[in-house]
$ cat coords-v2.txt   # compact mmCIF, C-alpha atoms
# COMPACT_ATOMS: atom_id res chain seq x y z
CA ALA A 418 135.51 -3.43 79.68
CA ALA A 419 135.72 -1.67 76.33
CA ARG A 420 136.44 2.06 76.48
CA GLU A 421 133.87 4.44 75.01
CA PRO A 422 134.96 6.07 71.73
CA GLN A 423 135.39 9.54 73.28
CA HIS A 424 137.46 8.13 76.14
CA LEU A 425 139.64 6.25 73.68
CA GLU A 426 140.18 9.42 71.70
CA ASP A 427 141.09 11.28 74.89
CA ASP A 428 143.54 8.51 75.84
CA ARG A 429 145.15 8.60 72.41
CA GLU A 430 145.54 12.37 72.58
CA ALA A 431 147.00 12.19 76.08
CA HIS A 432 149.40 9.50 74.94
CA ARG A 433 150.44 11.59 71.92
CA VAL A 434 151.06 14.71 74.02
CA PHE A 435 152.99 12.96 76.80
CA SER A 436 155.07 10.91 74.34
CA ARG A 437 155.96 13.99 72.33
CA ALA A 438 156.95 15.88 75.48
CA LEU A 439 159.24 13.00 76.49
CA GLU A 440 160.95 13.17 73.11
CA LEU A 441 161.35 16.93 73.16
CA PHE A 442 162.43 17.28 76.79
CA PRO A 443 164.35 14.13 77.77
CA ARG A 444 166.06 15.87 80.70
CA SER A 445 163.05 17.81 81.91
CA ALA A 446 162.58 18.41 85.63
CA PHE A 447 159.12 16.98 85.04
CA ARG A 448 160.37 13.72 83.53
CA ALA A 449 158.73 11.66 86.29
CA ASP A 450 155.35 13.19 85.46
CA LEU A 451 155.90 12.67 81.73
CA LEU A 452 156.89 9.03 82.21
CA PHE A 453 153.87 8.37 84.37
CA GLY A 454 151.47 10.26 82.10
CA THR A 455 152.67 8.39 79.02
CA ALA A 456 152.47 5.05 80.80
CA ALA A 457 149.00 5.73 82.21
CA ALA A 458 147.70 6.61 78.75
CA ALA A 459 149.37 3.52 77.26
CA PHE A 460 147.79 1.38 80.00
CA ALA A 461 144.35 2.80 79.21
CA LEU A 462 144.96 1.95 75.54
CA GLY A 463 146.00 -1.61 76.43
CA ASP A 464 149.59 -1.15 75.25
CA TYR A 465 151.09 -3.01 78.22
CA GLY A 466 154.36 -3.67 76.44
CA GLN A 467 155.03 0.06 76.37
CA VAL A 468 153.93 0.58 79.97
CA VAL A 469 156.60 -1.70 81.42
CA PRO A 470 159.83 0.07 80.29
CA LEU A 471 158.37 3.48 81.08
CA LEU A 472 157.43 2.56 84.62
CA GLN A 473 160.53 0.47 85.21
CA GLU A 474 162.55 3.64 84.53
CA PHE A 475 160.23 5.58 86.84
CA ALA A 476 160.61 3.00 89.63
CA ALA A 477 164.39 2.97 89.33
CA SER A 478 164.76 6.75 89.14
CA TYR A 479 161.98 8.09 91.37
CA PRO A 480 161.31 5.56 94.19
CA ASP A 481 160.09 8.31 96.54
CA ASN A 482 157.76 10.00 94.09
CA PRO A 483 154.14 10.35 95.34
CA ASN A 484 152.98 8.37 92.29
CA PHE A 485 155.06 5.31 93.22
CA GLU A 486 152.01 3.43 94.55
CA ASN A 487 150.25 3.86 91.22
CA VAL A 488 153.42 2.87 89.39
CA CYS A 489 153.52 -0.43 91.28
CA TYR A 490 149.84 -1.01 90.49
CA PHE A 491 150.13 -0.32 86.76
CA LEU A 492 153.35 -2.30 86.45
CA ALA A 493 151.89 -5.32 88.23
CA TYR A 494 148.79 -5.39 86.04
CA SER A 495 150.80 -4.74 82.89
CA TYR A 496 152.90 -7.81 83.62
CA LEU A 497 149.78 -9.80 84.48
CA ARG A 498 148.07 -8.86 81.20
CA GLN A 499 151.17 -10.20 79.43
CA THR A 500 151.03 -13.42 81.54
CA ALA A 501 154.40 -12.57 83.09
CA PHE A 502 153.24 -14.05 86.39
CA GLU A 503 156.54 -13.93 88.24
CA GLU A 504 157.07 -10.24 87.56
CA ALA A 505 153.43 -9.50 88.35
CA ALA A 506 153.67 -11.34 91.68
CA GLY A 507 156.78 -9.35 92.54
CA TRP A 508 155.22 -5.97 91.89
CA PHE A 509 151.94 -6.83 93.62
CA GLY A 510 153.97 -7.93 96.64
CA ARG A 511 156.05 -4.76 96.55
CA LEU A 512 152.88 -2.66 96.45
CA ALA A 513 151.33 -4.52 99.40
CA ASP A 514 154.51 -4.36 101.48
CA ARG A 515 155.28 -0.70 100.89
CA PHE A 516 151.71 0.60 101.08
CA PRO A 517 149.90 -1.64 103.61
CA ASN A 518 147.30 1.05 104.35
CA SER A 519 146.47 1.64 100.70
CA ALA A 520 142.94 0.98 99.51
CA VAL A 521 144.41 -1.46 96.97
CA ALA A 522 146.66 -3.35 99.43
CA PRO A 523 144.19 -6.24 99.92
CA GLU A 524 143.81 -6.55 96.15
CA ALA A 525 147.58 -6.47 95.69
CA LEU A 526 148.16 -9.25 98.24
CA PHE A 527 145.40 -11.33 96.69
CA GLN A 528 146.81 -10.85 93.20
CA GLN A 529 150.25 -11.79 94.45
CA GLY A 530 148.73 -15.08 95.59
CA GLU A 531 146.96 -15.54 92.25
CA ASN A 532 150.14 -15.08 90.25
CA LEU A 533 152.12 -17.40 92.51
CA PHE A 534 149.34 -19.96 92.13
CA ASN A 535 149.63 -19.64 88.35
CA LEU A 536 153.33 -20.44 88.73
CA ALA A 537 152.47 -23.54 90.81
CA ARG A 538 154.36 -21.99 93.73
CA TYR A 539 151.67 -23.09 96.11
CA ALA A 540 153.53 -22.65 99.41
CA GLU A 541 154.24 -19.01 98.57
CA ALA A 542 150.67 -18.52 97.39
CA VAL A 543 149.45 -19.90 100.73
CA THR A 544 151.47 -17.21 102.50
CA ALA A 545 149.95 -14.46 100.34
CA TYR A 546 146.37 -15.68 100.79
CA LYS A 547 146.86 -16.04 104.53
CA ARG A 548 148.14 -12.48 104.70
CA VAL A 549 144.93 -11.31 103.03
CA LEU A 550 142.89 -13.15 105.65
CA ASP A 551 145.03 -12.00 108.57
CA LYS A 552 145.53 -8.34 107.59
CA TYR A 553 142.31 -7.63 105.70
CA PRO A 554 139.66 -10.09 106.98
CA GLU A 555 136.79 -7.80 106.01
CA SER A 556 138.03 -7.00 102.52
CA GLU A 557 136.14 -7.99 99.39
CA PHE A 558 138.95 -10.46 98.62
CA ALA A 559 138.72 -12.45 101.87
CA ASP A 560 136.29 -15.12 100.66
CA ASN A 561 138.22 -15.62 97.41
CA ALA A 562 141.48 -15.85 99.34
CA LEU A 563 140.03 -18.52 101.61
CA TYR A 564 138.66 -20.46 98.64
CA ASN A 565 141.96 -20.29 96.76
CA LEU A 566 143.85 -21.23 99.91
CA GLY A 567 141.90 -24.48 99.80
CA TRP A 568 142.98 -25.09 96.22
CA CYS A 569 146.61 -24.42 97.12
CA TYR A 570 146.41 -27.22 99.66
CA PHE A 571 144.54 -29.43 97.23
CA GLU A 572 147.17 -28.97 94.52
CA SER A 573 149.85 -29.70 97.14
CA ASP A 574 148.16 -33.04 97.88
CA ARG A 575 147.07 -31.83 101.31
CA LYS A 576 143.45 -32.63 100.70
CA GLU A 577 142.24 -32.74 104.29
CA GLU A 578 143.61 -29.23 104.85
CA ALA A 579 141.95 -28.17 101.61
CA MET A 580 138.59 -29.43 102.82
CA ALA A 581 139.09 -27.57 106.10
CA GLN A 582 139.44 -24.31 104.15
CA PHE A 583 136.33 -25.05 102.09
CA SER A 584 134.40 -25.81 105.29
CA ALA A 585 135.67 -22.56 106.81
CA LEU A 586 134.51 -20.66 103.73
CA LEU A 587 131.03 -22.14 104.02
CA ALA A 588 130.84 -21.26 107.71
CA ARG A 589 132.18 -17.74 107.33
CA PHE A 590 130.84 -16.73 103.92
CA PRO A 591 127.74 -18.87 103.24
CA GLN A 592 126.52 -16.47 100.55
CA SER A 593 129.87 -16.14 98.78
CA ARG A 594 129.92 -16.73 95.04
CA PHE A 595 132.42 -19.51 95.81
CA SER A 596 130.26 -21.32 98.38
CA ALA A 597 128.50 -23.68 95.98
CA SER A 598 131.80 -24.70 94.42
CA ALA A 599 133.34 -25.27 97.87
CA GLN A 600 130.33 -27.37 98.85
CA PHE A 601 130.64 -29.40 95.66
CA SER A 602 134.35 -29.95 96.31
CA LEU A 603 133.48 -31.35 99.74
CA GLY A 604 131.05 -33.76 98.09
CA ASP A 605 133.66 -34.87 95.57
CA TYR A 606 136.21 -35.42 98.33
CA TYR A 607 133.86 -37.63 100.34
CA PHE A 608 132.78 -39.45 97.19
CA ASN A 609 136.39 -40.27 96.30
CA GLN A 610 137.01 -41.36 99.89
CA GLN A 611 134.00 -43.68 99.53
CA ASP A 612 132.38 -41.94 102.49
CA TYR A 613 129.09 -42.02 100.68
CA ASP A 614 126.86 -40.85 103.54
CA LYS A 615 128.83 -37.61 103.90
CA ALA A 616 128.93 -37.21 100.13
CA VAL A 617 125.13 -37.39 100.02
CA VAL A 618 124.85 -34.71 102.70
CA ALA A 619 127.32 -32.47 100.85
CA TYR A 620 125.65 -32.76 97.45
CA GLN A 621 122.18 -32.42 98.96
CA LYS A 622 123.18 -29.08 100.47
CA ILE A 623 123.86 -27.79 96.96
CA VAL A 624 120.34 -28.76 95.95
CA ASP A 625 118.81 -27.25 99.09
CA GLU A 626 120.93 -24.13 99.60
CA TYR A 627 122.27 -23.24 96.15
CA PRO A 628 119.43 -24.09 93.75
CA ASN A 629 120.61 -21.54 91.19
CA SER A 630 124.17 -22.83 91.11
CA GLU A 631 125.59 -24.01 87.81
CA MET A 632 126.54 -27.20 89.68
CA ILE A 633 122.97 -28.15 90.55
CA THR A 634 122.53 -30.55 87.61
CA GLN A 635 125.74 -32.39 88.35
CA ALA A 636 124.94 -32.53 92.07
CA LYS A 637 121.56 -34.13 91.32
CA ARG A 638 123.19 -36.64 88.97
CA LEU A 639 125.72 -37.63 91.61
CA LEU A 640 123.02 -37.93 94.25
CA GLN A 641 121.21 -40.37 91.97
CA GLU A 642 124.45 -42.27 91.41
CA LEU A 643 125.03 -42.42 95.15
CA LYS A 644 121.56 -43.85 95.64
CA GLU A 645 122.48 -46.70 93.32
CA ILE A 646 125.79 -47.23 95.12
CA GLN A 647 124.17 -47.26 98.56
CA ALA A 648 121.28 -49.47 97.47
CA TYR A 649 123.36 -52.14 95.80
CA PRO A 650 124.84 -53.85 98.92
CA LYS A 651 121.41 -53.84 100.54
CA TYR A 652 120.00 -55.49 97.44
CA LEU A 653 122.72 -58.16 97.61
CA GLU A 654 121.81 -58.83 101.25
CA ALA A 655 118.16 -59.16 100.33
CA MET A 656 118.93 -61.57 97.50
CA GLN A 657 121.14 -63.63 99.77
CA LEU A 658 118.14 -64.06 102.09
CA PHE A 659 116.08 -64.95 99.03
CA ASP A 660 118.61 -67.62 97.98
CA GLN A 661 118.50 -69.01 101.53
CA GLN A 662 114.72 -69.25 101.09
CA ASP A 663 114.24 -66.83 103.99
CA TYR A 664 111.44 -65.20 102.03
CA ALA A 665 109.87 -63.24 104.86
CA ARG A 666 113.08 -61.39 105.74
CA ALA A 667 113.95 -61.02 102.07
CA ALA A 668 110.57 -59.37 101.46
CA VAL A 669 111.12 -56.92 104.32
CA ALA A 670 114.58 -56.03 102.95
CA LEU A 671 113.25 -55.56 99.42
CA GLU A 672 110.38 -53.39 100.63
CA LYS A 673 112.84 -51.18 102.49
CA ILE A 674 114.93 -50.78 99.33
CA ILE A 675 111.83 -49.72 97.42
CA ALA A 676 110.97 -47.19 100.13
CA ASP A 677 114.49 -45.80 100.60
CA TYR A 678 115.79 -45.71 97.02
CA PRO A 679 112.96 -44.69 94.70
CA GLY A 680 113.81 -44.05 91.07
CA THR A 681 116.89 -46.27 91.06
CA GLU A 682 117.60 -49.31 88.94
CA ILE A 683 117.98 -51.22 92.21
CA GLU A 684 114.40 -50.31 93.10
CA ALA A 685 113.23 -51.88 89.84
CA GLY A 686 115.14 -55.08 90.66
CA ALA A 687 113.70 -55.12 94.17
CA MET A 688 110.16 -54.76 92.84
CA ALA A 689 110.72 -57.54 90.33
CA ASN A 690 111.92 -59.94 93.03
CA LEU A 691 109.38 -58.93 95.65

$ encode --input "coords-v2.txt" --output "structure tokens"
Amino acid sequence: AAREPQHLEDDREAHRVFSRALELFPRSAFRADLLFGTAAAAFALGDYGQVVPLLQEFAASYPDNPNFENVCYFLAYSYLRQTAFEEAAGWFGRLADRFPNSAVAPEALFQQGENLFNLARYAEAVTAYKRVLDKYPESEFADNALYNLGWCYFESDRKEEAMAQFSALLARFPQSRFSASAQFSLGDYYFNQQDYDKAVVAYQKIVDEYPNSEMITQAKRLLQELKEIQAYPKYLEAMQLFDQQDYARAAVALEKIIADYPGTEIEAGAMANL
């Protein structure tokens, strides 16, 4: 979010004061505080390139300083904002390992998984996401960790395990902001497996349970497509009876198609031949 003008001015002034103090007193007994203050102001100003060397010096020189938790946090996010995913993952992991009782430990573990995922290091990302679920099952990151765990398996070509995670998400967090997407992914999986009955059930749940989802239009389109797919072999069977001049049974089959698959092109063909 954009900083308000007064806050920005305060950040600039803080940055000016701390930076000047670092220049004037390079060997000050308060160097740790000056490094952190300058870096915190630079972070607030979005100057992540300056944050990194300042806090790297802090981390190397003052590993037992009370501000070390915040140093890990600012360093990790500074690397992330510069898309240095490997370094970000390392610092998020260091934060989570050293401060497991911190309020930001669940976030740090989750972000470690995110950065490893961005590096396509899916096995390591799986470990991070599982740690979120095991150590912090009630945290605000639990549903996202479970959802992303599914995508780690999916990207690793372990699709059945991926679907198991999506199903677990739906069972455990039915109102999660990721639930509709997980439900849609289940539908896509069954569709691609040509398990059309299960695909219909999965897509229909989006229509019934997530009517405000951005996926609702696509789910309805796929449900219509599945109707056509399911109706077609039944239409072929009916026409085979017609070709055999078994008109009574053909009529029954065509009437069932009309009843079961309204609004499809197959229905129109069935009506024409009835």

$ closest_residue --input "coords-v2.txt" --among "A:Glu430, A:Asp605, A:Glu645, A:Glu555" --to "Ile683 in chain A" --atoms "all atoms listed in the file"
A:Glu645

$ closest_residue --input "coords-v2.txt" --among "A:Met688, A:Gln657, A:Ala446, A:Tyr570" --to "Leu671 in chain A" --atoms "all atoms listed in the file"
A:Met688

$ residues_around --input "coords-v2.txt" --residues "range 659-667 of chain A" --least-positions-apart "6" --cutoff "10 Å" --atoms "all atoms listed in the file" --output "PyMOL selection string"
chain A and resi 652-653+673+687+690-691

$ atom_distance --input "coords-v2.txt" --atom1 "CA of Tyr564 in chain A" --atom2 "CA of Leu586 in chain A"
6.6 Å

$ atom_distance --input "coords-v2.txt" --atom1 "CA of Asp464 in chain A" --atom2 "CA of Ala501 in chain A"
14.7 Å

$ residues_around --input "coords-v2.txt" --residues "range 516-530 of chain A" --least-positions-apart "5" --cutoff "12 Å" --atoms "all atoms listed in the file" --output "ChimeraX atom specification"
/A:483-487,489-494,496-497,502-511,535-566,568-569

$ write_last_selection --input "coords-v2.txt" --atoms "C-alpha atoms" --output "tab-separated table (two decimals), keeping the file's coordinate frame"
chain	number	residue	atom	x	y	z
A	483	PRO	CA	154.14	10.35	95.34
A	484	ASN	CA	152.98	8.37	92.29
A	485	PHE	CA	155.06	5.31	93.22
A	486	GLU	CA	152.01	3.43	94.55
A	487	ASN	CA	150.25	3.86	91.22
A	489	CYS	CA	153.52	-0.43	91.28
A	490	TYR	CA	149.84	-1.01	90.49
A	491	PHE	CA	150.13	-0.32	86.76
A	492	LEU	CA	153.35	-2.30	86.45
A	493	ALA	CA	151.89	-5.32	88.23
A	494	TYR	CA	148.79	-5.39	86.04
A	496	TYR	CA	152.90	-7.81	83.62
A	497	LEU	CA	149.78	-9.80	84.48
A	502	PHE	CA	153.24	-14.05	86.39
A	503	GLU	CA	156.54	-13.93	88.24
A	504	GLU	CA	157.07	-10.24	87.56
A	505	ALA	CA	153.43	-9.50	88.35
A	506	ALA	CA	153.67	-11.34	91.68
A	507	GLY	CA	156.78	-9.35	92.54
A	508	TRP	CA	155.22	-5.97	91.89
A	509	PHE	CA	151.94	-6.83	93.62
A	510	GLY	CA	153.97	-7.93	96.64
A	511	ARG	CA	156.05	-4.76	96.55
A	535	ASN	CA	149.63	-19.64	88.35
A	536	LEU	CA	153.33	-20.44	88.73
A	537	ALA	CA	152.47	-23.54	90.81
A	538	ARG	CA	154.36	-21.99	93.73
A	539	TYR	CA	151.67	-23.09	96.11
A	540	ALA	CA	153.53	-22.65	99.41
A	541	GLU	CA	154.24	-19.01	98.57
A	542	ALA	CA	150.67	-18.52	97.39
A	543	VAL	CA	149.45	-19.90	100.73
A	544	THR	CA	151.47	-17.21	102.50
A	545	ALA	CA	149.95	-14.46	100.34
A	546	TYR	CA	146.37	-15.68	100.79
A	547	LYS	CA	146.86	-16.04	104.53
A	548	ARG	CA	148.14	-12.48	104.70
A	549	VAL	CA	144.93	-11.31	103.03
A	550	LEU	CA	142.89	-13.15	105.65
A	551	ASP	CA	145.03	-12.00	108.57
A	552	LYS	CA	145.53	-8.34	107.59
A	553	TYR	CA	142.31	-7.63	105.70
A	554	PRO	CA	139.66	-10.09	106.98
A	555	GLU	CA	136.79	-7.80	106.01
A	556	SER	CA	138.03	-7.00	102.52
A	557	GLU	CA	136.14	-7.99	99.39
A	558	PHE	CA	138.95	-10.46	98.62
A	559	ALA	CA	138.72	-12.45	101.87
A	560	ASP	CA	136.29	-15.12	100.66
A	561	ASN	CA	138.22	-15.62	97.41
A	562	ALA	CA	141.48	-15.85	99.34
A	563	LEU	CA	140.03	-18.52	101.61
A	564	TYR	CA	138.66	-20.46	98.64
A	565	ASN	CA	141.96	-20.29	96.76
A	566	LEU	CA	143.85	-21.23	99.91
A	568	TRP	CA	142.98	-25.09	96.22
A	569	CYS	CA	146.61	-24.42	97.12

$ closest_residue --input "coords-v2.txt" --among "A:Glu440, A:Met656, A:Lys622, A:Tyr607" --to "Leu643 in chain A" --atoms "all atoms listed in the file"
A:Tyr607

$ closest_residue --input "coords-v2.txt" --among "A:Leu512, A:Tyr479, A:Tyr613, A:Tyr465" --to "Thr500 in chain A" --atoms "only C-alpha atoms"
A:Tyr465

$ closest_residue --input "coords-v2.txt" --among "A:Leu441, A:Leu462, A:Ile675, A:Val488" --to "Tyr649 in chain A" --atoms "all atoms listed in the file"
A:Ile675

$ residues_around --input "coords-v2.txt" --residues "Ile633 in chain A" --least-positions-apart "3" --cutoff "10 Å" --atoms "only C-alpha atoms" --output "ChimeraX atom specification"
/A:597,601,620-625,627-630,636-639

$ closest_residue --input "coords-v2.txt" --among "A:Phe442, A:Phe571, A:Phe435, A:Phe475" --to "Ala458 in chain A" --atoms "only C-alpha atoms"
A:Phe435

$ atom_distance --input "coords-v2.txt" --atom1 "CA of Pro470 in chain A" --atom2 "CA of Phe534 in chain A"
25.5 Å
